$ cat start_18.pdb   # PDB, C-alpha atoms, pLDDT in the B column
ATOM      1  CA  LEU A   1     100.857  91.117 110.458  1.00 73.00           C
ATOM      2  CA  GLN A   2     100.770  87.463 111.504  1.00 88.00           C
ATOM      3  CA  ASP A   3     103.447  84.967 110.457  1.00 91.00           C
ATOM      4  CA  PHE A   4     102.882  81.196 110.275  1.00 92.00           C
ATOM      5  CA  ASN A   5     105.647  78.588 110.120  1.00 91.00           C
ATOM      6  CA  GLY A   6     103.907  75.800 108.182  1.00 91.00           C
ATOM      7  CA  SER A   7     104.186  73.180 110.937  1.00 91.00           C
ATOM      8  CA  SER A   8     102.380  74.479 114.029  1.00 90.00           C
ATOM      9  CA  GLY A   9     100.498  77.456 115.383  1.00 89.00           C
ATOM     10  CA  SER A  10      97.137  78.962 114.490  1.00 93.00           C
ATOM     11  CA  LEU A  11      94.662  81.572 115.674  1.00 93.00           C
ATOM     12  CA  THR A  12      91.007  81.366 116.683  1.00 91.00           C
ATOM     13  CA  GLU A  13      88.549  84.234 116.491  1.00 90.00           C
ATOM     14  CA  ASP A  14      84.891  84.770 117.351  1.00 87.00           C
ATOM     15  CA  ASN A  15      82.547  83.881 114.496  1.00 84.00           C
ATOM     16  CA  LEU A  16      80.670  87.222 114.623  1.00 82.00           C
ATOM     17  CA  GLY A  17      77.455  85.207 114.639  1.00 86.00           C
ATOM     18  CA  ILE A  18      78.042  84.095 111.044  1.00 91.00           C
ATOM     19  CA  ASP A  19      76.360  80.901 109.876  1.00 93.00           C
ATOM     20  CA  PRO A  20      76.864  80.706 106.075  1.00 93.00           C
ATOM     21  CA  SER A  21      73.680  78.649 105.685  1.00 93.00           C
ATOM     22  CA  GLN A  22      71.705  81.573 107.074  1.00 93.00           C
ATOM     23  CA  GLN A  23      73.439  84.742 105.940  1.00 92.00           C
ATOM     24  CA  SER A  24      75.829  86.370 103.497  1.00 95.00           C
ATOM     25  CA  PHE A  25      79.419  87.308 104.321  1.00 94.00           C
ATOM     26  CA  SER A  26      82.653  88.681 102.879  1.00 95.00           C
ATOM     27  CA  LEU A  27      86.241  87.805 103.734  1.00 95.00           C
ATOM     28  CA  SER A  28      89.343  89.676 102.631  1.00 94.00           C
ATOM     29  CA  THR A  29      92.989  89.530 103.608  1.00 93.00           C
ATOM     30  CA  ARG A  30      96.468  90.022 102.294  1.00 92.00           C
ATOM     31  CA  ILE A  31      98.660  86.922 101.939  1.00 93.00           C
ATOM     32  CA  ARG A  32     102.285  86.126 101.195  1.00 92.00           C
ATOM     33  CA  LEU A  33     103.283  82.473 100.911  1.00 94.00           C
ATOM     34  CA  ASP A  34     106.780  81.450 101.931  1.00 93.00           C
ATOM     35  CA  GLN A  35     106.366  78.330  99.811  1.00 91.00           C
ATOM     36  CA  TRP A  36     103.695  76.043  98.394  1.00 87.00           C
ATOM     37  CA  PRO A  37     102.741  73.007 100.465  1.00 85.00           C
ATOM     38  CA  THR A  38     104.844  69.977  99.465  1.00 83.00           C
ATOM     39  CA  SER A  39     101.691  67.873  99.758  1.00 84.00           C
ATOM     40  CA  GLY A  40      98.124  68.486 100.795  1.00 89.00           C
ATOM     41  CA  ASN A  41      96.886  72.022 101.410  1.00 94.00           C
ATOM     42  CA  MET A  42      97.690  75.140 103.416  1.00 95.00           C
ATOM     43  CA  VAL A  43      94.637  76.804 104.954  1.00 96.00           C
ATOM     44  CA  LEU A  44      94.312  80.564 105.313  1.00 95.00           C
ATOM     45  CA  ILE A  45      91.024  80.661 107.202  1.00 95.00           C
ATOM     46  CA  GLY A  46      88.105  78.372 107.886  1.00 94.00           C
ATOM     47  CA  GLN A  47      85.186  77.932 110.256  1.00 94.00           C
ATOM     48  CA  ASP A  48      84.848  75.153 112.812  1.00 93.00           C
ATOM     49  CA  GLY A  49      81.535  73.741 113.989  1.00 89.00           C
ATOM     50  CA  THR A  50      78.970  71.126 112.983  1.00 88.00           C
ATOM     51  CA  ASN A  51      79.992  71.220 109.321  1.00 92.00           C
ATOM     52  CA  PRO A  52      83.486  72.772 109.275  1.00 92.00           C
ATOM     53  CA  ALA A  53      84.722  74.308 106.041  1.00 93.00           C
ATOM     54  CA  ASN A  54      87.985  75.832 104.866  1.00 95.00           C
ATOM     55  CA  TRP A  55      86.926  79.159 103.402  1.00 96.00           C
ATOM     56  CA  LEU A  56      90.276  79.846 101.716  1.00 97.00           C
ATOM     57  CA  TYR A  57      93.221  77.510 101.189  1.00 96.00           C
ATOM     58  CA  VAL A  58      96.118  76.900  98.792  1.00 96.00           C
ATOM     59  CA  ASP A  59      96.712  73.458  97.285  1.00 95.00           C
ATOM     60  CA  SER A  60     100.053  71.817  96.449  1.00 93.00           C
ATOM     61  CA  ASN A  61     100.059  73.520  93.034  1.00 94.00           C
ATOM     62  CA  GLY A  62      99.656  76.995  94.524  1.00 94.00           C
ATOM     63  CA  ILE A  63      95.994  77.312  93.463  1.00 96.00           C
ATOM     64  CA  LEU A  64      93.765  79.355  95.784  1.00 97.00           C
ATOM     65  CA  LYS A  65      90.479  77.560  96.515  1.00 97.00           C
ATOM     66  CA  SER A  66      87.423  77.512  98.767  1.00 97.00           C
ATOM     67  CA  ASP A  67      85.591  74.484 100.177  1.00 95.00           C
ATOM     68  CA  LEU A  68      82.525  76.447 101.237  1.00 94.00           C
ATOM     69  CA  GLY A  69      79.494  74.415 100.200  1.00 92.00           C
ATOM     70  CA  GLY A  70      81.544  71.558  98.760  1.00 89.00           C
ATOM     71  CA  THR A  71      85.038  70.772  97.499  1.00 89.00           C
ATOM     72  CA  ALA A  72      86.863  73.461  95.520  1.00 90.00           C
ATOM     73  CA  THR A  73      83.616  75.306  94.797  1.00 95.00           C
ATOM     74  CA  VAL A  74      85.682  78.225  93.466  1.00 97.00           C
ATOM     75  CA  GLU A  75      89.372  78.363  92.555  1.00 97.00           C
ATOM     76  CA  SER A  76      91.931  80.610  90.914  1.00 97.00           C
ATOM     77  CA  PRO A  77      93.037  79.708  87.366  1.00 96.00           C
ATOM     78  CA  ASP A  78      96.678  80.499  88.144  1.00 94.00           C
ATOM     79  CA  ALA A  79      99.007  79.706  91.021  1.00 94.00           C
ATOM     80  CA  LEU A  80     100.043  82.204  93.671  1.00 93.00           C
ATOM     81  CA  ARG A  81     103.777  82.938  93.627  1.00 91.00           C
ATOM     82  CA  ALA A  82     105.799  82.456  96.775  1.00 91.00           C
ATOM     83  CA  GLY A  83     107.266  85.628  98.270  1.00 89.00           C
ATOM     84  CA  VAL A  84     104.680  87.953  96.672  1.00 88.00           C
ATOM     85  CA  TRP A  85     101.911  89.804  98.512  1.00 89.00           C
ATOM     86  CA  TYR A  86      98.369  89.340  97.168  1.00 91.00           C
ATOM     87  CA  HIS A  87      95.061  90.798  98.234  1.00 93.00           C
ATOM     88  CA  VAL A  88      92.439  88.026  98.189  1.00 95.00           C
ATOM     89  CA  ALA A  89      88.711  88.191  98.844  1.00 96.00           C
ATOM     90  CA  LEU A  90      85.805  85.761  99.058  1.00 97.00           C
ATOM     91  CA  THR A  91      82.149  86.830  99.037  1.00 97.00           C
ATOM     92  CA  TYR A  92      79.071  84.686  99.563  1.00 97.00           C
ATOM     93  CA  ASP A  93      75.526  85.819  98.779  1.00 96.00           C
ATOM     94  CA  HIS A  94      73.235  83.552 100.789  1.00 94.00           C
ATOM     95  CA  VAL A  95      70.102  84.654  98.902  1.00 94.00           C
ATOM     96  CA  SER A  96      71.455  83.807  95.430  1.00 96.00           C
ATOM     97  CA  ASP A  97      73.836  81.009  96.559  1.00 96.00           C
ATOM     98  CA  THR A  98      76.663  82.857  94.783  1.00 97.00           C
ATOM     99  CA  LEU A  99      80.304  82.503  95.803  1.00 97.00           C
ATOM    100  CA  ARG A 100      82.955  84.748  94.246  1.00 98.00           C
ATOM    101  CA  LEU A 101      86.739  84.640  94.520  1.00 98.00           C
ATOM    102  CA  TYR A 102      88.960  87.679  93.878  1.00 97.00           C
ATOM    103  CA  ILE A 103      92.715  88.190  93.673  1.00 94.00           C
ATOM    104  CA  ASN A 104      93.994  91.784  93.538  1.00 91.00           C
ATOM    105  CA  SER A 105      90.388  92.908  92.847  1.00 91.00           C
ATOM    106  CA  ASP A 106      90.075  90.710  89.727  1.00 93.00           C
ATOM    107  CA  GLN A 107      87.311  88.115  89.913  1.00 96.00           C
ATOM    108  CA  GLN A 108      88.925  84.701  89.486  1.00 96.00           C
ATOM    109  CA  ASP A 109      85.890  82.438  89.702  1.00 98.00           C
ATOM    110  CA  VAL A 110      82.172  82.474  90.470  1.00 98.00           C
ATOM    111  CA  ASN A 111      79.786  79.698  91.428  1.00 97.00           C
ATOM    112  CA  THR A 112      76.048  80.453  91.467  1.00 97.00           C
ATOM    113  CA  SER A 113      74.913  77.164  93.021  1.00 96.00           C
ATOM    114  CA  VAL A 114      76.732  77.004  96.357  1.00 96.00           C
ATOM    115  CA  SER A 115      74.581  75.798  99.233  1.00 93.00           C
ATOM    116  CA  ALA A 116      76.621  76.337 102.390  1.00 93.00           C
ATOM    117  CA  ALA A 117      76.067  73.865 105.221  1.00 91.00           C
ATOM    118  CA  SER A 118      75.048  75.103 108.652  1.00 90.00           C
ATOM    119  CA  THR A 119      77.906  75.815 111.041  1.00 87.00           C
ATOM    120  CA  ALA A 120      78.485  78.398 113.717  1.00 83.00           C
ATOM    121  CA  GLY A 121      81.906  77.620 115.131  1.00 91.00           C
ATOM    122  CA  GLN A 122      84.941  79.814 115.617  1.00 93.00           C
ATOM    123  CA  PHE A 123      87.108  81.067 112.799  1.00 94.00           C
ATOM    124  CA  ILE A 124      90.340  79.085 112.542  1.00 94.00           C
ATOM    125  CA  ILE A 125      93.249  80.982 110.969  1.00 95.00           C
ATOM    126  CA  GLY A 126      96.402  79.303 109.696  1.00 95.00           C
ATOM    127  CA  LYS A 127      95.377  75.621 109.702  1.00 95.00           C
ATOM    128  CA  ASP A 128      92.592  73.199 108.791  1.00 94.00           C
ATOM    129  CA  ALA A 129      89.264  74.131 110.356  1.00 91.00           C
ATOM    130  CA  SER A 130      88.705  70.692 111.879  1.00 88.00           C
ATOM    131  CA  ALA A 131      92.117  69.048 112.263  1.00 88.00           C
ATOM    132  CA  SER A 132      95.689  69.795 113.325  1.00 88.00           C
ATOM    133  CA  ASN A 133      97.171  69.814 109.836  1.00 92.00           C
ATOM    134  CA  SER A 134      97.348  71.912 106.649  1.00 94.00           C
ATOM    135  CA  TYR A 135      99.303  74.625 108.469  1.00 95.00           C
ATOM    136  CA  LEU A 136      99.987  77.844 106.592  1.00 96.00           C
ATOM    137  CA  ASP A 137     103.584  78.671 105.699  1.00 95.00           C
ATOM    138  CA  GLY A 138     103.533  82.413 105.121  1.00 94.00           C
ATOM    139  CA  SER A 139     102.005  85.642 106.399  1.00 93.00           C
ATOM    140  CA  LEU A 140      98.528  87.138 106.664  1.00 94.00           C
ATOM    141  CA  ARG A 141      97.738  90.787 107.121  1.00 90.00           C
ATOM    142  CA  ASP A 142      94.566  92.828 107.670  1.00 89.00           C
ATOM    143  CA  ILE A 143      91.959  90.054 107.852  1.00 92.00           C
ATOM    144  CA  ARG A 144      88.475  91.506 107.408  1.00 91.00           C
ATOM    145  CA  ILE A 145      85.190  89.633 107.760  1.00 91.00           C
ATOM    146  CA  HIS A 146      81.867  91.333 107.040  1.00 91.00           C
ATOM    147  CA  THR A 147      78.350  90.071 107.647  1.00 92.00           C
ATOM    148  CA  PHE A 148      77.292  91.197 104.173  1.00 93.00           C
ATOM    149  CA  VAL A 149      78.559  91.062 100.589  1.00 95.00           C
ATOM    150  CA  ILE A 150      80.985  93.894  99.887  1.00 94.00           C
ATOM    151  CA  ALA A 151      80.812  95.387  96.412  1.00 93.00           C
ATOM    152  CA  SER A 152      83.494  94.734  93.806  1.00 92.00           C
ATOM    153  CA  SER A 153      84.293  98.463  93.873  1.00 90.00           C
ATOM    154  CA  ASP A 154      85.079  98.195  97.601  1.00 91.00           C
ATOM    155  CA  ILE A 155      87.333  95.210  96.932  1.00 91.00           C
ATOM    156  CA  ASP A 156      89.108  97.302  94.306  1.00 88.00           C
ATOM    157  CA  THR A 157      89.598 100.113  96.846  1.00 86.00           C
ATOM    158  CA  LEU A 158      91.083  97.684  99.364  1.00 84.00           C
ATOM    159  CA  THR A 159      93.383  96.211  96.728  1.00 83.00           C
ATOM    160  CA  ARG A 160      94.632  99.594  95.555  1.00 76.00           C
ATOM    161  CA  SER A 161      95.481 100.567  99.105  1.00 70.00           C
ATOM    162  CA  TYR A 162      97.747  97.519  99.227  1.00 52.00           C
ATOM    163  CA  LYS A 163      99.209  98.124  95.780  1.00 48.00           C
ATOM    164  CA  SER A 164     100.563 101.469  96.941  1.00 45.00           C
ATOM    165  CA  GLU A 165     103.268  99.552  98.798  1.00 48.00           C
ATOM    166  CA  PHE A 166     106.493  98.176  97.363  1.00 46.00           C
ATOM    167  CA  SER A 167     106.895  94.497  96.592  1.00 48.00           C
ATOM    168  CA  VAL A 168     110.090  92.741  95.609  1.00 47.00           C
ATOM    169  CA  SER A 169     109.898  89.771  93.259  1.00 47.00           C
ATOM    170  CA  GLU A 170     111.994  86.633  93.455  1.00 46.00           C
ATOM    171  CA  THR A 171     114.283  88.106  90.764  1.00 46.00           C
ATOM    172  CA  GLY A 172     114.816  91.302  92.769  1.00 47.00           C
ATOM    173  CA  GLU A 173     112.520  93.530  90.704  1.00 48.00           C
ATOM    174  CA  ILE A 174     110.776  96.236  92.701  1.00 49.00           C
ATOM    175  CA  ALA A 175     107.169  97.050  91.817  1.00 50.00           C
ATOM    176  CA  TRP A 176     105.085  99.997  92.997  1.00 51.00           C
ATOM    177  CA  HIS A 177     101.461 100.637  92.012  1.00 51.00           C
ATOM    178  CA  PRO A 178     100.483 104.211  92.965  1.00 52.00           C
ATOM    179  CA  PRO A 179      96.839 105.212  93.354  1.00 52.00           C
ATOM    180  CA  ALA A 180      95.291 107.120  90.453  1.00 54.00           C
ATOM    181  CA  ALA A 181      95.058 110.280  92.563  1.00 52.00           C
ATOM    182  CA  LEU A 182      98.837 110.674  92.283  1.00 51.00           C
ATOM    183  CA  SER A 183      98.838 110.908  88.486  1.00 50.00           C
ATOM    184  CA  GLY A 184     100.622 114.059  87.304  1.00 52.00           C
ATOM    185  CA  GLN A 185     102.201 114.797  90.670  1.00 52.00           C
ATOM    186  CA  HIS A 186     105.748 114.763  92.011  1.00 51.00           C
ATOM    187  CA  VAL A 187     106.028 112.090  94.652  1.00 50.00           C
ATOM    188  CA  THR A 188     108.918 111.451  97.042  1.00 48.00           C
ATOM    189  CA  LEU A 189     109.167 107.823  98.105  1.00 48.00           C
ATOM    190  CA  ASP A 190     111.081 106.274 100.977  1.00 46.00           C
ATOM    191  CA  MET A 191     112.035 102.726 100.063  1.00 46.00           C
ATOM    192  CA  ARG A 192     112.924 100.352 102.869  1.00 44.00           C
ATOM    193  CA  VAL A 193     115.020  97.315 101.970  1.00 44.00           C
ATOM    194  CA  GLU A 194     115.775  94.550 104.442  1.00 42.00           C
ATOM    195  CA  ASP A 195     119.112  92.834 104.093  1.00 39.00           C
ATOM    196  CA  PRO A 196     119.766  89.207 105.147  1.00 40.00           C
ATOM    197  CA  ALA A 197     121.096  90.386 108.511  1.00 38.00           C
ATOM    198  CA  GLY A 198     117.750  92.002 109.305  1.00 37.00           C
ATOM    199  CA  LEU A 199     119.003  95.579 109.072  1.00 37.00           C
ATOM    200  CA  TYR A 200     117.269  98.309 107.111  1.00 36.00           C
ATOM    201  CA  ASP A 201     118.613 100.854 104.674  1.00 39.00           C
ATOM    202  CA  ILE A 202     116.508 103.854 103.699  1.00 38.00           C
ATOM    203  CA  TYR A 203     116.714 105.317 100.210  1.00 40.00           C
ATOM    204  CA  SER A 204     114.774 108.313  98.938  1.00 39.00           C
ATOM    205  CA  TYR A 205     113.765 108.716  95.309  1.00 42.00           C
ATOM    206  CA  GLN A 206     111.693 111.332  93.509  1.00 42.00           C
ATOM    207  CA  LEU A 207     109.449 110.083  90.745  1.00 44.00           C
ATOM    208  CA  ASN A 208     107.338 111.989  88.245  1.00 43.00           C
ATOM    209  CA  ILE A 209     104.027 110.261  87.586  1.00 41.00           C
ATOM    210  CA  PHE A 210     102.195 111.293  84.427  1.00 41.00           C
ATOM    211  CA  GLY A 211      99.542 109.717  82.240  1.00 38.00           C
ATOM    212  CA  GLY A 212      98.088 106.286  82.851  1.00 39.00           C
ATOM    213  CA  LEU A 213      99.084 104.225  85.820  1.00 40.00           C
ATOM    214  CA  PRO A 214      99.476 100.446  85.957  1.00 41.00           C
ATOM    215  CA  ASP A 215      96.577  98.329  87.174  1.00 40.00           C
TER
END
$ encode --input "start_18.pdb" --output "structure tokens"
Amino acid sequence: LQDFNGSSGSLTEDNLGIDPSQQSFSLSTRIRLDQWPTSGNMVLIGQDGTNPANWLYVDSNGILKSDLGGTATVESPDALRAGVWYHVALTYDHVSDTLRLYINSDQQDVNTSVSAASTAGQFIIGKDASASNSYLDGSLRDIRIHTFVIASSDIDTLTRSYKSEFSVSETGEIAWHPPAALSGQHVTLDMRVEDPAGLYDIYSYQLNIFGGLPD
């Protein structure tokens, strides 16, 4: 888990030899925004180099976008909510010039005419790929980059592994999305709630799960 404060701080990682103009790739991570940017963008991850590009970023309206191969070549139709964990993924097929954007395993957008420019710089996490701005205000968890296109079924598996955790909405509602394998079983859950003082209380509940489960 890596937290970003929205005003400074970022990470750099090896590029794994990825040049989007020469090969396919997949990126996935889990994100929770503390707030939308008041102006401009907040970058999740990009790649520096000759032709830097912000692979995933959030604009001032909370829309998730990618600048790979252009400006906003793919984007989500709806805004991300602050304080909520999402699993997001971006895949690029170099052979077919196809860029796909996913949120919680649902494909949000696809562009079949993306020609990525050549670059081979480091990955920049938490700010603009080529400048000291557009800092992320929020948290990233489990960043995965593959040198091939992962299948939509694999993205669904990754998303479901995240959905098996609790999330608390801005209104205090608690959501839990159990994996299908638990249907019809008795499950004991330990729920951890953090209070404003930073202390934790542990509560144990037993739930009976029958029939269909939420997506």
$ resolve_selection --input "start_18.pdb" --expression "the PyMOL selection byres ((chain A and resi 117-130) around 7)" --output "PyMOL selection string"
chain A and resi 4+10-15+17-21+42-54+69+115-116+131-136
$ atom_distance --input "start_18.pdb" --atom1 "atom CA of A:Ser26" --atom2 "atom CA of A:Asp97"
13.3 Å
$ resolve_selection --input "start_18.pdb" --expression "the PyMOL selection byres ((chain A and resi 40) around 9)" --output "ChimeraX atom specification"
/A:37-39,41-42,58-60,134
$ closest_residue --input "start_18.pdb" --among "A:Ile31, A:Leu1, A:Leu158, A:Leu16" --to "A:Leu56" --atoms "all atoms listed in the file"
A:Ile31
$ closest_residue --input "start_18.pdb" --among "A:Ile145, A:Ile150, A:Ala82, A:Leu68" --to "A:Val114" --atoms "all atoms listed in the file"
A:Leu68
$ residues_around --input "start_18.pdb" --residues "A:Gly83" --least-positions-apart "2" --cutoff "6 Å" --atoms "all atoms listed in the file" --output "PDB file with C-alpha atoms, in the frame of the given file"
ATOM      1  CA  ARG A  32     102.285  86.126 101.195  1.00 92.00           C
ATOM      2  CA  LEU A  33     103.283  82.473 100.911  1.00 94.00           C
ATOM      3  CA  ASP A  34     106.780  81.450 101.931  1.00 93.00           C
TER       4      ASP A  34
END
$ closest_residue --input "start_18.pdb" --among "A:Ser28, A:Thr159, A:Thr147, A:Ser8" --to "A:His94" --atoms "only C-alpha atoms"
A:Thr147
$ build_atoms --input "start_18.pdb" --residues "stretch 12-28 of chain A" --atoms "N, CA, C and O atoms" --output "PDB file, in the frame of the given file"
ATOM      1  N   THR A  12      92.454  81.533 116.674  1.00 91.00           N
ATOM      2  CA  THR A  12      91.007  81.366 116.683  1.00 91.00           C
ATOM      3  C   THR A  12      90.369  82.714 116.980  1.00 91.00           C
ATOM      4  O   THR A  12      90.889  83.490 117.780  1.00 91.00           O
ATOM      5  N   GLU A  13      89.263  82.976 116.307  1.00 90.00           N
ATOM      6  CA  GLU A  13      88.549  84.234 116.491  1.00 90.00           C
ATOM      7  C   GLU A  13      87.053  83.960 116.586  1.00 90.00           C
ATOM      8  O   GLU A  13      86.548  82.972 116.046  1.00 90.00           O
ATOM      9  N   ASP A  14      86.341  84.863 117.252  1.00 87.00           N
ATOM     10  CA  ASP A  14      84.891  84.770 117.351  1.00 87.00           C
ATOM     11  C   ASP A  14      84.263  84.752 115.971  1.00 87.00           C
ATOM     12  O   ASP A  14      84.763  85.390 115.031  1.00 87.00           O
ATOM     13  N   ASN A  15      83.167  84.036 115.815  1.00 84.00           N
ATOM     14  CA  ASN A  15      82.547  83.881 114.496  1.00 84.00           C
ATOM     15  C   ASN A  15      81.629  85.029 114.091  1.00 84.00           C
ATOM     16  O   ASN A  15      81.006  84.979 113.023  1.00 84.00           O
ATOM     17  N   LEU A  16      81.504  86.046 114.921  1.00 82.00           N
ATOM     18  CA  LEU A  16      80.670  87.222 114.623  1.00 82.00           C
ATOM     19  C   LEU A  16      79.210  86.847 114.379  1.00 82.00           C
ATOM     20  O   LEU A  16      78.463  87.607 113.780  1.00 82.00           O
ATOM     21  N   GLY A  17      78.827  85.656 114.842  1.00 86.00           N
ATOM     22  CA  GLY A  17      77.455  85.207 114.639  1.00 86.00           C
ATOM     23  C   GLY A  17      77.173  84.724 113.229  1.00 86.00           C
ATOM     24  O   GLY A  17      76.011  84.542 112.851  1.00 86.00           O
ATOM     25  N   ILE A  18      78.227  84.489 112.441  1.00 91.00           N
ATOM     26  CA  ILE A  18      78.042  84.095 111.044  1.00 91.00           C
ATOM     27  C   ILE A  18      77.776  82.600 110.930  1.00 91.00           C
ATOM     28  O   ILE A  18      78.550  81.774 111.411  1.00 91.00           O
ATOM     29  N   ASP A  19      76.671  82.259 110.311  1.00 93.00           N
ATOM     30  CA  ASP A  19      76.360  80.901 109.876  1.00 93.00           C
ATOM     31  C   ASP A  19      76.089  80.998 108.373  1.00 93.00           C
ATOM     32  O   ASP A  19      75.058  81.540 107.965  1.00 93.00           O
ATOM     33  N   PRO A  20      77.011  80.522 107.524  1.00 93.00           N
ATOM     34  CA  PRO A  20      76.864  80.706 106.075  1.00 93.00           C
ATOM     35  C   PRO A  20      75.570  80.137 105.493  1.00 93.00           C
ATOM     36  O   PRO A  20      75.151  80.560 104.414  1.00 93.00           O
ATOM     37  N   SER A  21      74.944  79.189 106.194  1.00 93.00           N
ATOM     38  CA  SER A  21      73.680  78.649 105.685  1.00 93.00           C
ATOM     39  C   SER A  21      72.530  79.612 105.903  1.00 93.00           C
ATOM     40  O   SER A  21      71.444  79.430 105.345  1.00 93.00           O
ATOM     41  N   GLN A  22      72.770  80.653 106.715  1.00 93.00           N
ATOM     42  CA  GLN A  22      71.705  81.573 107.074  1.00 93.00           C
ATOM     43  C   GLN A  22      71.943  83.008 106.622  1.00 93.00           C
ATOM     44  O   GLN A  22      71.003  83.807 106.610  1.00 93.00           O
ATOM     45  N   GLN A  23      73.182  83.352 106.283  1.00 92.00           N
ATOM     46  CA  GLN A  23      73.439  84.742 105.940  1.00 92.00           C
ATOM     47  C   GLN A  23      74.645  84.885 105.012  1.00 92.00           C
ATOM     48  O   GLN A  23      75.454  83.969 104.863  1.00 92.00           O
ATOM     49  N   SER A  24      74.731  86.046 104.398  1.00 95.00           N
ATOM     50  CA  SER A  24      75.829  86.370 103.497  1.00 95.00           C
ATOM     51  C   SER A  24      77.039  86.829 104.305  1.00 95.00           C
ATOM     52  O   SER A  24      76.925  87.199 105.476  1.00 95.00           O
ATOM     53  N   PHE A  25      78.208  86.823 103.660  1.00 94.00           N
ATOM     54  CA  PHE A  25      79.419  87.308 104.321  1.00 94.00           C
ATOM     55  C   PHE A  25      80.453  87.672 103.269  1.00 94.00           C
ATOM     56  O   PHE A  25      80.344  87.325 102.086  1.00 94.00           O
ATOM     57  N   SER A  26      81.488  88.372 103.715  1.00 95.00           N
ATOM     58  CA  SER A  26      82.653  88.681 102.879  1.00 95.00           C
ATOM     59  C   SER A  26      83.904  88.495 103.728  1.00 95.00           C
ATOM     60  O   SER A  26      83.910  88.801 104.918  1.00 95.00           O
ATOM     61  N   LEU A  27      84.943  87.989 103.094  1.00 95.00           N
ATOM     62  CA  LEU A  27      86.241  87.805 103.734  1.00 95.00           C
ATOM     63  C   LEU A  27      87.304  88.398 102.836  1.00 95.00           C
ATOM     64  O   LEU A  27      87.295  88.172 101.621  1.00 95.00           O
ATOM     65  N   SER A  28      88.209  89.174 103.406  1.00 94.00           N
ATOM     66  CA  SER A  28      89.343  89.676 102.631  1.00 94.00           C
ATOM     67  C   SER A  28      90.583  89.691 103.510  1.00 94.00           C
ATOM     68  O   SER A  28      90.498  89.857 104.728  1.00 94.00           O
TER      69      SER A  28
END
